[in-house]
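Participant: Below: one structure in structure tokens.
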Amino acid sequence: MSNRTTFTTKLGVIAATVGSAVGLGNIWRFPYETGQNGGAAFLLVYLICVFFIGVPVMIAEFSIGRSAKANANKAYKILSPGTHWNIIGIMGIFASIFILGFYSVIAGWTLEYVFQALTNGLAGKSAAEFQESFTGFSSDTFRPLIWIFLFLALNYFIVSRGIKDGIEKASNILTPLLFVILIVFCIRSIFLPGASEGLKFLFHPDFSKIDSNVILRAMGQAFFSLSLGMGTLTTYASYFSDNTNLSKTAVTVGILDTTVAVLAGVLIFPAAFSFGIDPSQGPELVFITLPNIFQHLPGSLFWSVLFFILLSVAALTSTISLCEVGVAYLHEEFGITRKKATRILIAFCIVSSTLCSLSFGVLKDFKLFGLTIFNFCDFTASNILLPLGGMLIAIYVGWVLNKKIVFNEVSNRQSLKVGFFKLLIFCIQYIAPIAIALIFLSGLGVFNV
Ligand code: TRP
């Protein structure tokens, strides 16, 4: 595909890929998953998952995408014609609609909070009042939907225009800015009275808490946070230039993504303990804890507006990458324009996100396998589809795809030194698929870790 767009600069590649990885998964999901699964013990398992499973699988995804230079479905057809490995790509497209469904709901909430902050609606409330107004808002039928649709419209606006310099440039500015703001909040948070309890919760591991469920969730979180296992990075890598260093990019993304997640933990747990908020409460954690912290900062209006804008932007750079999976597929496989492809994809997302949103209110008693629609989408995508996709990708790259192709990709056609190649292949062939399979089986209760 000779006329295929590529990212224009090295920084653009990192900004877009880190932009995909760093999102609500780091700032919203990581803290509450950590809170619900034993704090530091969870963090430790998480780190192991990121660097021994996540990064190798990311390099595998990059290799597939850049060597085939096609969407996540067609890439497998090009690399292994006449086989069914493209099922990985198809699974990814389904996963992206599930993820976009619940992700857009949270992104919509962040927009509401930007609005609240701007209109000073967050000022002067007690912790209990924050809780109350959040519950009132999220269980409302229409108000969250307005924000969700606005958020999806933003996605449409950007994605339909293609791989634009605009996204690259925006990420170049916004991602570093997010770091700065997070650090400022962290510092404020650790000086709150009683903060040390929160830091202890995050950094002092209690190994008795580690069980198969904690491991399953840590791996699911690692896959989710790194945007792995469903073709996002395969698709993005198809736009990488031939000079992009795949392994260096993957390690950089792994480190930056983990740093943001840990910073979010440092920001939220001390504050949660300080304000007497239960850190193991679910998705609402960020929306109730953070506005509390803002009130204790000079210029609280400025900080809260800025923070929720950045949260929305972090979400947006992630959802763009999620949309791109399906859009590249529809556009390339069915020969329709990008605009039309984006419209079709967004239509699916409107349905899935509306159902997810209503599951906080009128549909809250409607359960699938004992979970609300929102939790069902989250659980199925993060804990089943992504690890399963990751396992199949590892098996495919480790055992099916010609090693020469992988070597050429990782070494940029032998122009880079890749002394770690054997170790990498070992992780991809054995560690990743076996670890994922074991964690699955124990999750299904076949045995106990
Ligand atoms: N990684 C993003 C986050 O942490 C979410 C995301 C973007 C994602 N693309 C993905 C998750 C692909 C799984 C798969 O918020």
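Letters A, B, ... mark the chains of the structure tokens in the order given; residue numbers begin at 1 per chain; ligand numbers begin at 1, in order shown.
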For the interface of range 263-376 of chain A with range 201-219 of chain A (cut-off 9 Å, counting only C-alpha atoms), please tabulate each contacting residue of range 263-376 of chain A alongside its nearest pair of atoms and their separation in Å to one decimal, rows sorted by chain and increasing number, as a tab-separated table.

Facilitator:
residue	atom	partner	partner_atom	distance
A:Gly265	CA	A:Leu202	CA	7.0
A:Val266	CA	A:Leu202	CA	7.5
A:Phe269	CA	A:Leu202	CA	7.2
A:Pro270	CA	A:Phe201	CA	8.7

Participant: Could you list, as an MDAnalysis selection string, all protein and nucleic acid residues with an atom at most 9 Å from ligand 1, counting only C-alpha atoms and all ligand atoms?

Facilitator: chainID A and resid 18:30 92 95:96 99:100 103 221:233 257 261 314:315 317:323 325 381:382 386

Participant: Name all residues at most 10 Å from range 417-425 of chain A (count only C-alpha atoms; drop same-chain ones fewer than 2 positions away) and give them as a PyMOL selection string.

Facilitator: chain A and resi 52+55-57+59-60+247+394+397-399+403+406-407+410-412+414-415+427-431

Participant: Kindly give the distance, in Å, that separates CA of Ile277 in chain A and CA of Asp140 in chain A, rounded to a single decimal.

Facilitator: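 Calculated distance between CA of Ile277 in chain A and CA of Asp140 in chain A is 23.1 Å.
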
Participant: Between CA of Leu192 in chain A and CA of Phe273 in chain A, measure the distance and give it in Å to one decimal.

Facilitator: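 Distance between the two atoms: 9.4 Å.
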
Participant: Tell me which protein, DNA and RNA residues are within 7 Å of range 69-86 of chain A, counting only C-alpha atoms, leaving out same-chain ones fewer than 2 positions away, and put them as a list in words.

Facilitator: Ile64, Gly65, Arg66, Ser67, Ile88, Gly89, Ile90, Gly231, Thr234, Thr235, Ser238, Tyr239, Val325, Ala328 and Tyr329 of chain A

Participant: I need the residues in range 230-398 of chain A that are alpha helix (DSSP H) according to DSSP; give them as JSON, numbers by chain.

Facilitator: {"A": [232, 233, 234, 235, 236, 237, 246, 247, 248, 249, 250, 251, 252, 253, 254, 255, 256, 257, 258, 259, 260, 261, 262, 263, 264, 265, 266, 267, 268, 269, 270, 271, 272, 273, 274, 285, 286, 287, 288, 289, 290, 291, 292, 293, 294, 300, 301, 302, 303, 304, 305, 306, 307, 308, 309, 310, 311, 312, 313, 314, 315, 316, 317, 318, 319, 320, 321, 322, 323, 324, 325, 326, 327, 328, 329, 330, 331, 332, 333, 338, 339, 340, 341, 342, 343, 344, 345, 346, 347, 348, 349, 350, 351, 352, 353, 354, 355, 356, 357, 358, 373, 374, 375, 376, 377, 378, 379, 386, 387, 388, 389, 390, 391, 392, 393, 394, 395]}

Participant: Quick one: everything within 8 Å of Trp109 in chain A, counting only C-alpha atoms, minus sequence neighbours fewer than 3 positions away in the same chain. Send it as a PyMOL selection string.

Facilitator: chain A and resi 105-106+112-113+138+144+147-148

Participant: Can I get the selected residues back with N, CA, C and O atoms, as a compact mmCIF listing (two decimals), in the first residue's frame?

Facilitator:
# COMPACT_ATOMS: atom_id res chain seq x y z
N VAL A 105 -18.39 6.48 28.29
CA VAL A 105 -19.21 6.92 29.43
C VAL A 105 -18.34 7.71 30.41
O VAL A 105 -18.69 8.83 30.81
N ILE A 106 -17.19 7.14 30.74
CA ILE A 106 -16.29 7.82 31.68
C ILE A 106 -15.78 9.13 31.06
O ILE A 106 -15.69 10.16 31.73
N GLU A 112 -18.44 16.48 31.78
CA GLU A 112 -19.36 17.09 32.74
C GLU A 112 -18.59 17.79 33.87
O GLU A 112 -18.95 18.89 34.29
N TYR A 113 -17.51 17.16 34.30
CA TYR A 113 -16.73 17.75 35.39
C TYR A 113 -15.96 18.98 34.94
O TYR A 113 -15.72 19.88 35.75
N SER A 138 -24.57 10.48 37.52
CA SER A 138 -24.25 9.30 36.71
C SER A 138 -25.47 8.40 36.52
O SER A 138 -25.54 7.65 35.55
N PRO A 144 -25.82 12.46 31.19
CA PRO A 144 -24.56 11.84 30.77
C PRO A 144 -24.52 11.56 29.27
O PRO A 144 -23.48 11.69 28.64
N TRP A 147 -23.13 14.37 27.09
CA TRP A 147 -21.67 14.47 27.10
C TRP A 147 -21.03 13.34 26.30
O TRP A 147 -20.02 13.53 25.62
N ILE A 148 -21.61 12.16 26.40
CA ILE A 148 -21.07 11.01 25.66
C ILE A 148 -21.14 11.29 24.16
O ILE A 148 -20.18 11.06 23.42

Participant: Hey, which of A:Leu263, A:Ile344, A:Ala435, A:Ile173 ends up closest to Val313 in chain A? Count only C-alpha atoms.

Facilitator: A:Ile173

Participant: Residues near Gly124 in chain A, anyone? I mean within 12 Å using only C-alpha atoms, not counting same-chain ones fewer than 3 positions away, as a list in words.

Facilitator: Ala117, Asn120, Gly121, Ala127, Ala128, Glu129, Phe130, Pro291, Asn292, Ile293, Phe294, Gln295, His296, Ser300 and Leu301 of chain A

Participant: For the residues selected in the previous step, produce a file with all heavy atoms as a tab-separated table (two decimals), in the first residue's frame.

Facilitator:
chain	number	residue	atom	x	y	z
A	117	ALA	N	-16.61	22.33	36.84
A	117	ALA	CA	-15.51	23.11	37.39
A	117	ALA	C	-15.56	24.54	36.86
A	117	ALA	O	-15.41	25.49	37.62
A	117	ALA	CB	-14.18	22.45	37.03
A	120	ASN	N	-18.05	26.64	38.47
A	120	ASN	CA	-17.82	26.64	39.91
A	120	ASN	C	-18.75	25.71	40.68
A	120	ASN	O	-18.98	25.89	41.87
A	120	ASN	CB	-17.91	28.07	40.46
A	120	ASN	CG	-16.76	28.34	41.41
A	120	ASN	OD1	-15.91	27.47	41.62
A	120	ASN	ND2	-16.73	29.53	41.97
A	121	GLY	N	-19.26	24.71	40.01
A	121	GLY	CA	-20.20	23.78	40.64
A	121	GLY	C	-19.54	22.83	41.63
A	121	GLY	O	-20.19	22.11	42.37
A	127	ALA	N	-17.28	16.05	51.28
A	127	ALA	CA	-17.05	14.76	50.62
A	127	ALA	C	-18.37	14.04	50.35
A	127	ALA	O	-18.58	13.47	49.28
A	127	ALA	CB	-16.13	13.90	51.48
A	128	ALA	N	-19.26	14.11	51.33
A	128	ALA	CA	-20.55	13.42	51.17
A	128	ALA	C	-21.37	14.04	50.05
A	128	ALA	O	-22.04	13.34	49.28
A	128	ALA	CB	-21.32	13.47	52.48
A	129	GLU	N	-21.27	15.37	49.93
A	129	GLU	CA	-22.03	16.03	48.86
A	129	GLU	C	-21.48	15.69	47.47
A	129	GLU	O	-22.22	15.56	46.51
A	129	GLU	CB	-22.01	17.55	49.07
A	129	GLU	CG	-22.95	17.98	50.18
A	129	GLU	CD	-22.72	19.43	50.61
A	129	GLU	OE1	-21.60	19.96	50.44
A	129	GLU	OE2	-23.67	20.04	51.10
A	130	PHE	N	-20.15	15.56	47.40
A	130	PHE	CA	-19.56	15.14	46.11
A	130	PHE	C	-20.10	13.78	45.70
A	130	PHE	O	-20.45	13.54	44.55
A	130	PHE	CB	-18.04	15.06	46.21
A	130	PHE	CG	-17.37	16.38	46.01
A	130	PHE	CD1	-16.56	16.91	46.98
A	130	PHE	CD2	-17.56	17.08	44.83
A	130	PHE	CE1	-15.94	18.13	46.80
A	130	PHE	CE2	-16.94	18.30	44.63
A	130	PHE	CZ	-16.13	18.83	45.63
A	291	PRO	N	-12.09	16.15	43.14
A	291	PRO	CA	-12.66	17.47	43.43
A	291	PRO	C	-12.42	17.88	44.88
A	291	PRO	O	-12.27	19.06	45.18
A	291	PRO	CB	-14.16	17.26	43.17
A	291	PRO	CG	-14.23	16.13	42.22
A	291	PRO	CD	-13.09	15.23	42.59
A	292	ASN	N	-12.32	16.88	45.79
A	292	ASN	CA	-11.99	17.18	47.18
A	292	ASN	C	-10.61	17.79	47.31
A	292	ASN	O	-10.40	18.73	48.08
A	292	ASN	CB	-11.99	15.88	47.99
A	292	ASN	CG	-13.30	15.70	48.71
A	292	ASN	OD1	-13.76	16.63	49.35
A	292	ASN	ND2	-13.87	14.54	48.60
A	293	ILE	N	-9.66	17.23	46.54
A	293	ILE	CA	-8.29	17.73	46.64
A	293	ILE	C	-8.21	19.15	46.10
A	293	ILE	O	-7.54	20.00	46.66
A	293	ILE	CB	-7.33	16.84	45.82
A	293	ILE	CG1	-7.43	15.39	46.29
A	293	ILE	CG2	-5.89	17.34	45.97
A	293	ILE	CD1	-6.67	14.45	45.42
A	294	PHE	N	-8.92	19.38	45.01
A	294	PHE	CA	-8.85	20.70	44.37
A	294	PHE	C	-9.21	21.81	45.34
A	294	PHE	O	-8.64	22.89	45.30
A	294	PHE	CB	-9.78	20.78	43.17
A	294	PHE	CG	-9.44	19.78	42.10
A	294	PHE	CD1	-10.45	19.10	41.43
A	294	PHE	CD2	-8.13	19.53	41.78
A	294	PHE	CE1	-10.13	18.18	40.45
A	294	PHE	CE2	-7.80	18.60	40.80
A	294	PHE	CZ	-8.81	17.94	40.14
A	295	GLN	N	-10.17	21.51	46.21
A	295	GLN	CA	-10.61	22.54	47.13
A	295	GLN	C	-9.51	23.00	48.06
A	295	GLN	O	-9.60	24.05	48.68
A	295	GLN	CB	-11.75	22.00	47.98
A	295	GLN	CG	-12.98	21.78	47.18
A	295	GLN	CD	-14.17	21.71	48.09
A	295	GLN	OE1	-14.23	22.39	49.10
A	295	GLN	NE2	-15.12	20.89	47.73
A	296	HIS	N	-8.49	22.12	48.23
A	296	HIS	CA	-7.41	22.47	49.16
A	296	HIS	C	-6.21	23.06	48.45
A	296	HIS	O	-5.14	23.16	49.00
A	296	HIS	CB	-7.00	21.22	49.94
A	296	HIS	CG	-8.12	20.70	50.79
A	296	HIS	ND1	-8.25	21.00	52.12
A	296	HIS	CD2	-9.20	19.95	50.45
A	296	HIS	CE1	-9.36	20.43	52.58
A	296	HIS	NE2	-9.95	19.79	51.59
A	300	SER	N	-8.21	26.82	43.12
A	300	SER	CA	-8.82	25.50	42.88
A	300	SER	C	-9.59	25.45	41.56
A	300	SER	O	-9.60	24.42	40.89
A	300	SER	CB	-9.74	25.13	44.04
A	300	SER	OG	-10.79	26.05	44.13
A	301	LEU	N	-10.21	26.57	41.18
A	301	LEU	CA	-10.98	26.56	39.96
A	301	LEU	C	-10.08	26.25	38.77
A	301	LEU	O	-10.36	25.38	37.95
A	301	LEU	CB	-11.67	27.92	39.75
A	301	LEU	CG	-12.54	27.95	38.51
A	301	LEU	CD1	-14.01	28.04	38.90
A	301	LEU	CD2	-12.21	29.11	37.59

Participant: Taking into account only C-alpha atoms, which residue in the set A:Phe137, A:Phe307, A:Tyr236, A:Phe62 is nearest to Val180 in chain A?

Facilitator: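 That would be A:Phe307, the residue with the smallest distance to Val180 in chain A.
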
Participant: Which residue gives the smallest distance to Ile395 in chain A among A:Leu368, A:Ile434, A:Phe334, A:Ser304, with only C-alpha atoms counted?

Facilitator: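 Answer, going by the shortest atom-to-atom distance: A:Ile434.
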